[in-house]
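Visitor: Structure file start_2.txt (compact mmCIF, C-alpha atoms) right here:
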```txt
# COMPACT_ATOMS: atom_id res chain seq x y z
CA LEU A 1 38.48 -14.37 9.64
CA GLY A 2 35.90 -11.66 10.28
CA GLN A 3 38.32 -8.72 9.89
CA PRO A 4 37.12 -7.71 6.38
CA PHE A 5 33.62 -7.18 7.81
CA GLU A 6 35.14 -5.12 10.64
CA VAL A 7 37.04 -2.85 8.25
CA TRP A 8 34.03 -2.52 5.97
CA LYS A 9 31.56 -1.51 8.69
CA THR A 10 34.08 0.82 10.34
CA ARG A 11 34.51 2.78 7.13
CA MET A 12 30.75 2.95 6.55
CA GLY A 13 30.12 4.06 10.12
CA ARG A 14 32.35 7.09 9.60
CA HIS A 15 31.63 7.82 5.92
CA ARG A 16 27.87 7.64 6.15
CA THR A 17 27.14 8.96 2.65
CA GLU A 18 28.75 5.94 1.00
CA THR A 19 26.68 2.99 -0.15
CA THR A 20 27.48 -0.55 0.96
CA VAL A 21 28.92 -1.45 -2.46
CA GLY A 22 30.63 1.92 -2.84
CA SER A 23 32.39 1.53 0.49
CA PHE A 24 33.53 -1.98 -0.44
CA ARG A 25 34.96 -0.72 -3.72
CA HIS A 26 36.72 2.20 -2.05
CA ILE A 27 38.51 -0.13 0.39
CA LEU A 28 39.44 -2.54 -2.41
CA HIS A 29 40.80 0.23 -4.64
CA SER A 30 42.72 1.85 -1.79
CA GLY A 31 44.91 -1.15 -1.08
CA GLY A 32 43.55 -4.30 -2.61
CA VAL A 33 42.58 -7.30 -0.52
CA ARG A 34 45.22 -6.34 2.07
CA ALA A 35 43.24 -3.20 2.91
CA PHE A 36 40.47 -5.39 4.33
CA TYR A 37 42.91 -6.62 6.96
CA ALA A 38 44.00 -3.23 8.30
CA GLY A 39 44.30 -3.41 12.08
CA THR A 40 44.66 -7.18 12.13
CA GLY A 41 47.34 -6.98 14.87
CA PRO A 42 45.19 -5.32 17.55
CA LYS A 43 42.19 -7.35 16.35
CA LEU A 44 44.10 -10.57 17.06
CA VAL A 45 44.80 -9.37 20.60
CA GLU A 46 41.12 -8.49 21.01
CA SER A 47 39.97 -11.84 19.66
CA ALA A 48 42.40 -13.75 21.87
CA THR A 49 41.07 -12.09 25.01
CA LYS A 50 37.44 -11.11 24.51
CA GLY A 51 36.26 -14.65 23.84
CA GLY A 52 37.66 -15.97 27.10
CA VAL A 53 36.27 -13.01 29.05
CA LEU A 54 32.85 -13.50 27.49
CA LEU A 55 32.63 -17.26 27.95
CA VAL A 56 33.76 -17.22 31.59
CA ALA A 57 31.47 -14.33 32.60
CA LYS A 58 28.51 -15.45 30.48
CA ASP A 59 28.57 -19.07 31.60
CA ALA A 60 28.95 -18.14 35.26
CA ILE A 61 25.95 -15.80 35.13
CA GLN A 62 23.87 -18.08 32.93
CA GLU A 63 24.39 -21.20 35.02
CA SER A 64 23.70 -19.29 38.25
CA LEU A 65 20.41 -17.99 36.88
CA LYS A 66 19.34 -21.38 35.53
CA GLY A 67 20.16 -22.90 38.90
CA ALA A 68 17.84 -20.33 40.47
CA GLY A 69 15.00 -21.44 38.19
CA VAL A 70 15.25 -18.71 35.55
CA SER A 71 14.29 -19.75 32.00
CA SER A 72 17.01 -20.47 29.43
CA THR A 73 16.00 -17.50 27.27
CA THR A 74 16.08 -14.98 30.13
CA ALA A 75 19.32 -16.43 31.48
CA GLY A 76 20.78 -16.12 27.98
CA PHE A 77 19.91 -12.43 27.71
CA VAL A 78 21.21 -11.55 31.18
CA GLY A 79 24.33 -13.72 30.94
CA GLY A 80 25.17 -12.33 27.52
CA ALA A 81 24.77 -8.75 28.75
CA GLY A 82 27.06 -9.35 31.72
CA GLY A 83 29.69 -11.02 29.56
CA GLY A 84 29.49 -8.21 27.02
CA VAL A 85 30.08 -5.49 29.61
CA ALA A 86 33.08 -7.41 30.95
CA GLN A 87 34.59 -7.40 27.44
CA THR A 88 34.77 -3.60 27.37
CA VAL A 89 38.01 -3.64 29.37
CA VAL A 90 39.96 -5.35 26.59
CA MET A 91 37.91 -4.19 23.62
CA GLY A 92 38.22 -0.44 24.25
CA PRO A 93 41.91 -0.11 23.32
CA CYS A 94 41.75 -2.76 20.58
CA THR A 95 38.77 -1.26 18.72
CA TYR A 96 40.37 2.19 19.07
CA LEU A 97 43.54 0.97 17.35
CA VAL A 98 41.57 -0.83 14.61
CA THR A 99 39.54 2.33 13.94
CA ALA A 100 42.75 4.36 13.80
CA MET A 101 44.29 2.06 11.21
CA VAL A 102 41.14 1.82 9.09
CA LEU A 103 40.35 5.54 9.05
CA GLY A 104 43.74 7.18 9.65
CA LYS A 105 46.82 7.59 7.49
CA GLU A 106 49.26 6.18 10.03
CA GLN A 107 49.61 2.43 9.71
CA SER A 108 51.98 1.82 12.61
CA VAL A 109 50.23 0.36 15.66
CA TRP A 110 53.17 1.29 17.88
CA GLY A 111 53.19 4.82 16.51
CA ILE A 112 49.50 5.26 17.30
CA MET A 113 49.97 3.78 20.77
CA ARG A 114 52.94 6.03 21.59
CA ARG A 115 51.15 9.15 20.40
CA THR A 116 47.96 8.31 22.31
CA TRP A 117 49.81 7.43 25.52
CA ALA A 118 51.93 10.60 25.37
CA SER A 119 48.92 12.88 24.84
CA LYS A 120 46.20 11.32 27.01
CA GLY A 121 47.59 8.35 28.92
CA LEU A 122 45.55 5.20 29.50
CA LEU A 123 42.19 6.97 29.18
CA GLY A 124 43.13 7.97 25.65
CA PHE A 125 42.56 4.38 24.55
CA TYR A 126 38.93 4.42 25.72
CA PRO A 127 37.08 7.05 23.66
CA GLY A 128 33.57 5.77 23.03
CA GLY A 129 33.78 3.52 26.08
CA SER A 130 30.12 4.10 26.92
CA ALA A 131 29.09 3.12 23.39
CA ILE A 132 31.28 0.00 23.54
CA ALA A 133 29.73 -1.05 26.86
CA ALA A 134 26.20 -0.44 25.52
CA ARG A 135 27.00 -2.26 22.29
CA GLN A 136 28.63 -5.26 23.96
CA ALA A 137 25.97 -5.64 26.64
CA SER A 138 23.17 -5.55 24.06
CA ASN A 139 25.29 -7.55 21.56
CA TRP A 140 25.72 -10.62 23.68
CA ALA A 141 22.41 -10.32 25.48
CA SER A 142 20.83 -10.44 22.02
CA ARG A 143 23.14 -13.02 20.44
CA VAL A 144 22.82 -15.45 23.33
CA GLY A 145 19.20 -14.59 24.12
CA PHE A 146 17.85 -14.76 20.57
CA THR A 147 19.82 -17.93 19.85
CA GLU A 148 18.44 -19.58 22.98
CA ALA A 149 14.93 -18.44 22.03
CA VAL A 150 15.30 -19.99 18.56
CA ARG A 151 16.71 -23.20 20.06
CA THR A 152 13.73 -23.38 22.42
CA LYS A 153 11.32 -22.92 19.51
CA MET A 154 13.09 -25.64 17.53
CA LYS A 155 12.79 -28.06 20.42
CA ALA A 156 9.12 -27.16 20.88
CA ALA A 157 8.51 -27.74 17.16
CA HIS A 158 9.73 -31.30 17.66
CA GLY A 159 7.32 -31.68 20.56
CA ASP A 160 10.08 -32.28 23.08
CA PRO A 161 11.56 -29.33 25.07
CA THR A 162 14.44 -31.55 26.23
CA ARG A 163 15.36 -32.70 22.71
CA ARG A 164 19.00 -32.38 21.69
CA LEU A 165 19.52 -30.32 18.56
CA SER A 166 21.70 -31.45 15.68
CA ILE A 167 24.70 -29.44 14.46
CA HIS A 168 22.58 -28.27 11.53
CA GLU A 169 19.91 -26.92 13.89
CA GLU A 170 22.46 -25.36 16.27
CA CYS A 171 24.05 -23.51 13.36
CA TRP A 172 20.76 -22.17 12.04
CA ALA A 173 19.83 -20.99 15.53
CA GLY A 174 23.14 -19.11 15.66
CA ILE A 175 22.65 -17.57 12.22
CA ILE A 176 19.17 -16.31 13.09
CA GLY A 177 20.32 -15.10 16.50
CA GLY A 178 23.27 -13.27 14.94
CA VAL A 179 21.15 -11.44 12.37
CA LEU A 180 18.47 -10.45 14.90
CA SER A 181 21.12 -9.08 17.27
CA CYS A 182 21.97 -6.31 14.78
CA TRP A 183 19.09 -4.19 16.09
CA ASN A 184 21.61 -2.30 18.26
CA HIS A 185 23.68 -1.02 15.33
CA PRO A 186 23.29 2.66 16.35
CA PHE A 187 25.61 1.95 19.30
CA GLU A 188 28.23 0.74 16.82
CA VAL A 189 27.88 3.87 14.69
CA ALA A 190 28.26 5.98 17.85
CA ARG A 191 31.36 4.01 18.87
CA ILE A 192 33.02 4.55 15.48
CA GLU A 193 32.14 8.24 15.44
CA MET A 194 33.40 8.84 18.98
CA GLN A 195 36.70 7.08 18.29
CA ALA A 196 37.12 8.85 14.95
CA ARG A 197 36.58 12.22 16.67
CA ALA A 198 39.26 11.41 19.24
CA LEU A 199 41.70 10.41 16.50
CA SER A 200 41.13 13.65 14.58
CA GLY A 201 41.51 15.79 17.70
CA GLU A 202 37.87 16.91 17.84
CA PRO A 203 36.25 17.70 21.21
CA ALA A 204 34.83 14.66 23.02
CA VAL A 205 31.06 14.25 22.83
CA GLY A 206 28.87 11.85 24.78
CA MET A 207 27.13 8.88 23.20
CA ILE A 208 23.63 10.36 23.32
CA ALA A 209 24.85 13.62 21.77
CA VAL A 210 26.59 11.69 18.99
CA LEU A 211 23.46 9.65 18.24
CA ARG A 212 21.41 12.85 18.06
CA GLN A 213 23.91 14.47 15.74
CA VAL A 214 24.08 11.47 13.41
CA HIS A 215 20.29 11.35 13.29
CA ALA A 216 20.10 15.09 12.55
CA GLU A 217 22.66 14.78 9.73
CA SER A 218 21.69 11.47 8.14
CA GLY A 219 18.33 10.45 9.58
CA VAL A 220 17.51 6.96 10.81
CA GLY A 221 19.46 5.48 7.90
CA GLY A 222 22.66 7.04 9.24
CA LEU A 223 22.24 5.18 12.52
CA PHE A 224 22.22 1.89 10.61
CA GLN A 225 24.99 2.65 8.14
CA GLY A 226 27.21 -0.41 7.77
CA LEU A 227 24.46 -2.83 8.79
CA ILE A 228 25.17 -5.39 6.04
CA PRO A 229 28.83 -6.05 6.96
CA ARG A 230 27.82 -5.96 10.63
CA MET A 231 25.45 -8.84 9.96
CA GLY A 232 28.39 -10.82 8.62
CA THR A 233 30.38 -10.08 11.77
CA ASN A 234 27.49 -10.97 14.09
CA VAL A 235 26.65 -14.24 12.37
CA TRP A 236 30.30 -15.33 12.46
CA LEU A 237 30.74 -14.45 16.14
CA THR A 238 27.43 -16.00 17.19
CA LEU A 239 28.18 -19.24 15.36
CA PHE A 240 31.63 -19.44 16.94
CA LEU A 241 31.02 -18.23 20.51
CA VAL A 242 27.39 -19.24 21.09
CA SER A 243 26.42 -22.16 18.85
CA GLY A 244 29.95 -23.53 18.79
CA ALA A 245 30.25 -23.22 22.56
CA ASN A 246 26.94 -25.08 23.00
CA ILE A 247 28.11 -27.92 20.77
CA VAL A 248 31.53 -28.24 22.44
CA LYS A 249 30.00 -28.06 25.92
CA GLN A 250 27.52 -30.84 25.20
CA CYS A 251 30.20 -33.01 23.59
CA ARG A 252 32.54 -32.49 26.53
CA GLU A 253 29.82 -33.45 28.98
CA GLY A 254 29.07 -36.54 26.92
CA SER A 255 25.36 -35.70 27.04
CA THR A 256 24.68 -35.44 23.33
CA GLU A 257 25.75 -38.38 21.26
CA ALA A 258 23.71 -37.08 18.33
CA ILE A 259 25.71 -33.85 18.15
CA CYS A 260 29.14 -35.41 18.64
CA THR A 261 28.55 -38.06 15.98
CA ALA A 262 26.65 -35.81 13.55
CA SER A 263 29.66 -35.59 11.24
CA ALA A 264 28.77 -39.08 10.05
CA ASN A 265 25.55 -37.67 8.62
CA PRO A 266 26.08 -34.88 6.01
CA GLN A 267 22.64 -33.40 6.54
CA HIS A 268 23.63 -32.41 10.08
CA HIS A 269 26.40 -30.10 8.96
CA CYS A 270 25.95 -26.33 9.10
CA ALA A 271 24.82 -24.96 5.77
```
Transcribe the structure of this file into structure tokens.

Guide:
Amino acid sequence: LGQPFEVWKTRMGRHRTETTVGSFRHILHSGGVRAFYAGTGPKLVESATKGGVLLVAKDAIQESLKGAGVSSTTAGFVGGAGGGVAQTVVMGPCTYLVTAMVLGKEQSVWGIMRRTWASKGLLGFYPGGSAIAARQASNWASRVGFTEAVRTKMKAAHGDPTRRLSIHEECWAGIIGGVLSCWNHPFEVARIEMQARALSGEPAVGMIAVLRQVHAESGVGGLFQGLIPRMGTNVWLTLFLVSGANIVKQCREGSTEAICTASANPQHHCA
């Protein structure tokens, strides 16, 4: 569902002189609505694997830290970072293939895979790996951490730190957490640039060097090119993998009757 945002921000990350609306129009005119779903195949593989990797790693770290007396907010940041780094293993090749299909002329996933494997082997699927690791660690540290911080504030506002939040409140916490987690967008721009360089046969450059070059060419604005569609991606992922996971977990444990039965009350639905 979030693939149009992925295509949109990938194009903007590479073509940094385009405006947000201009980039959207270019994609639409290049292939209609279908163009917003370029790379859906590898994205489906990524989505089917990264969520499980994240949830298992994040929950294990988070619960261990909470058991050791660490606050929910701190445990959220650390657990999210650990889960994000673990995702790099599956996300490296998948994001590389999506970038290739969004920015390149070849639209055959198998063709891109064969060419990459023949020229560089397994490592050829991991250009920008450092940027992916930095992005994912800070992504989920921020998404989980900020969402937990907002949830804590909501509970405090009710005067009860143990209060169970409604679905409506859980969703708003996820939306706010998702938007705030976009502070690390320069890592995403670096990832796109490093993968695009590899696809065009340009010499490999490290993440720091890429960030410096983008800043020299486009200023601070260039480091945040594609921020608007990235917000859409982050909000969607945070709602699904953080807020949604919290709701399902509490329902499964049978500890939150208010959440599990909130569907009977329209005002508890996510806006």

Visitor: Considering all atoms listed in the file, state which residue in the set A:Gly128, A:Gly92, A:Pro42, A:Gly145 is at the smallest distance from Val109 in chain A.

Guide: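 Using all atoms listed in the file, the shortest distance to Val109 in chain A belongs to A:Pro42.
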
Visitor: Between A:Ala141, A:Arg230, A:Leu97, A:Lys105, which residue has the minimum interatomic distance to Tyr126 in chain A, considering all atoms listed in the file?

Guide: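 Comparing A:Ala141, A:Arg230, A:Leu97, A:Lys105 against Tyr126 in chain A, the winner is A:Leu97.
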
Visitor: In Å, with one decimal, what is the gap from CA of Asp59 in chain A to CA of Leu165 in chain A?

Guide: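 Computing the Euclidean distance for CA of Asp59 in chain A and CA of Leu165 in chain A yields 19.5 Å.
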
Visitor: Please indicate the distance in Å from CA of Arg25 in chain A to CA of Gly232 in chain A, rounded to one decimal place.

Guide: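 Rounded to one decimal, the two atoms are 17.2 Å apart.
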
Visitor: Pick the closest to Leu55 in chain A from A:Ala75, A:Leu241, A:Val70, A:Ala134: which is it, counting only C-alpha atoms?

Guide: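 Going through A:Ala75, A:Leu241, A:Val70, A:Ala134 one by one, the smallest distance to Leu55 in chain A is for A:Leu241.
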
Visitor: Choose the residue, out of A:Met207, A:Val78, A:Ile176, A:Thr19, that has the smallest atom-to-atom separation from Trp236 in chain A; count all atoms listed in the file.

Guide: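 The answer is A:Ile176, which sits nearest to Trp236 in chain A.
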
Visitor: I'd like to know which of A:Leu227, A:Ala81, A:Ala38, A:Val90 is closest to Val53 in chain A, using all atoms listed in the file.

Guide: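 Under the stated criterion, the closest residue is A:Val90.
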
Visitor: Using only C-alpha atoms, find the one residue out of A:Val150, A:Leu54, A:Val45, A:Ile192 that sits nearest to Val102 in chain A.

Guide: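 Looking at the shortest contact to Val102 in chain A, the residue is A:Ile192.
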
Visitor: Find the nearest atom pair between each residue of range 8-116 of chain A and range 151-164 of chain A for residues within 12 Å, count only C-alpha atoms, give distances in Å to one decimal, sort rows by chain and ascending number, and present the table as a tab-separated table.

Guide:
```
residue	atom	partner	partner_atom	distance
A:Ser71	CA	A:Thr152	CA	10.3
A:Ser72	CA	A:Thr152	CA	8.3
A:Thr73	CA	A:Thr152	CA	8.0
A:Thr74	CA	A:Thr152	CA	11.6
A:Gly76	CA	A:Arg151	CA	11.4
```

Visitor: Quick check, in Å to one decimal: how far apart do CA of Gln136 in chain A and CA of Cys171 in chain A lie?

Guide: 21.6 Å

Visitor: Env of Cys94 in chain A: 10 Å cut, atoms = all atoms listed in the file, seq-sep filter 6 positions within chain, self excluded. Answer as a ChimeraX atom specification.

Guide: /A:39-47,88,100,125-126

Visitor: Quick one: which range 42-99 of chain A residues come within 10 Å of range 5-18 of chain A, and what is the nearest atom pair for each with the distance in Å to one decimal, counting all atoms listed in the file, rows ordered by chain and ascending number, as JSON lines?

Guide:
```
{"residue": "A:Lys43", "atom": "CA", "partner": "A:Glu6", "partner_atom": "CA", "distance": 9.3}
{"residue": "A:Thr95", "atom": "CA", "partner": "A:Glu6", "partner_atom": "CA", "distance": 9.7}
{"residue": "A:Val98", "atom": "CA", "partner": "A:Val7", "partner_atom": "CA", "distance": 8.1}
{"residue": "A:Thr99", "atom": "CA", "partner": "A:Thr10", "partner_atom": "CA", "distance": 6.7}
```

Visitor: Kindly save the residues from that selection, with C-alpha atoms included, as a JSON list (two decimals), keeping the file's coordinate frame.

Guide:
```
[["chain", "number", "residue", "atom", "x", "y", "z"],
["A", 43, "LYS", "CA", 42.19, -7.35, 16.35],
["A", 95, "THR", "CA", 38.77, -1.26, 18.72],
["A", 98, "VAL", "CA", 41.57, -0.83, 14.61],
["A", 99, "THR", "CA", 39.54, 2.33, 13.94]]
```

Visitor: Here's a test: counting all atoms listed in the file, identify every protein, DNA and RNA residue with an atom at most 12 Å from (19.0, 1.0, 8.3) in the file's coordinate frame, and state them as a PyMOL selection string.

Guide: chain A and resi 13+16+19-20+182-186+189+215+218-228+230-231

Visitor: List as a list in words the protein and nucleic acid residues near range 82-87 of chain A, meaning an atom at most 6 Å away when all atoms listed in the file are counted, but skip any in the same chain fewer than 6 places from it.

Guide: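 The residues that qualify are Lys50, Leu54, Ala57, Lys58, Ala133, Gln136, Ala137 and Trp140 of chain A.
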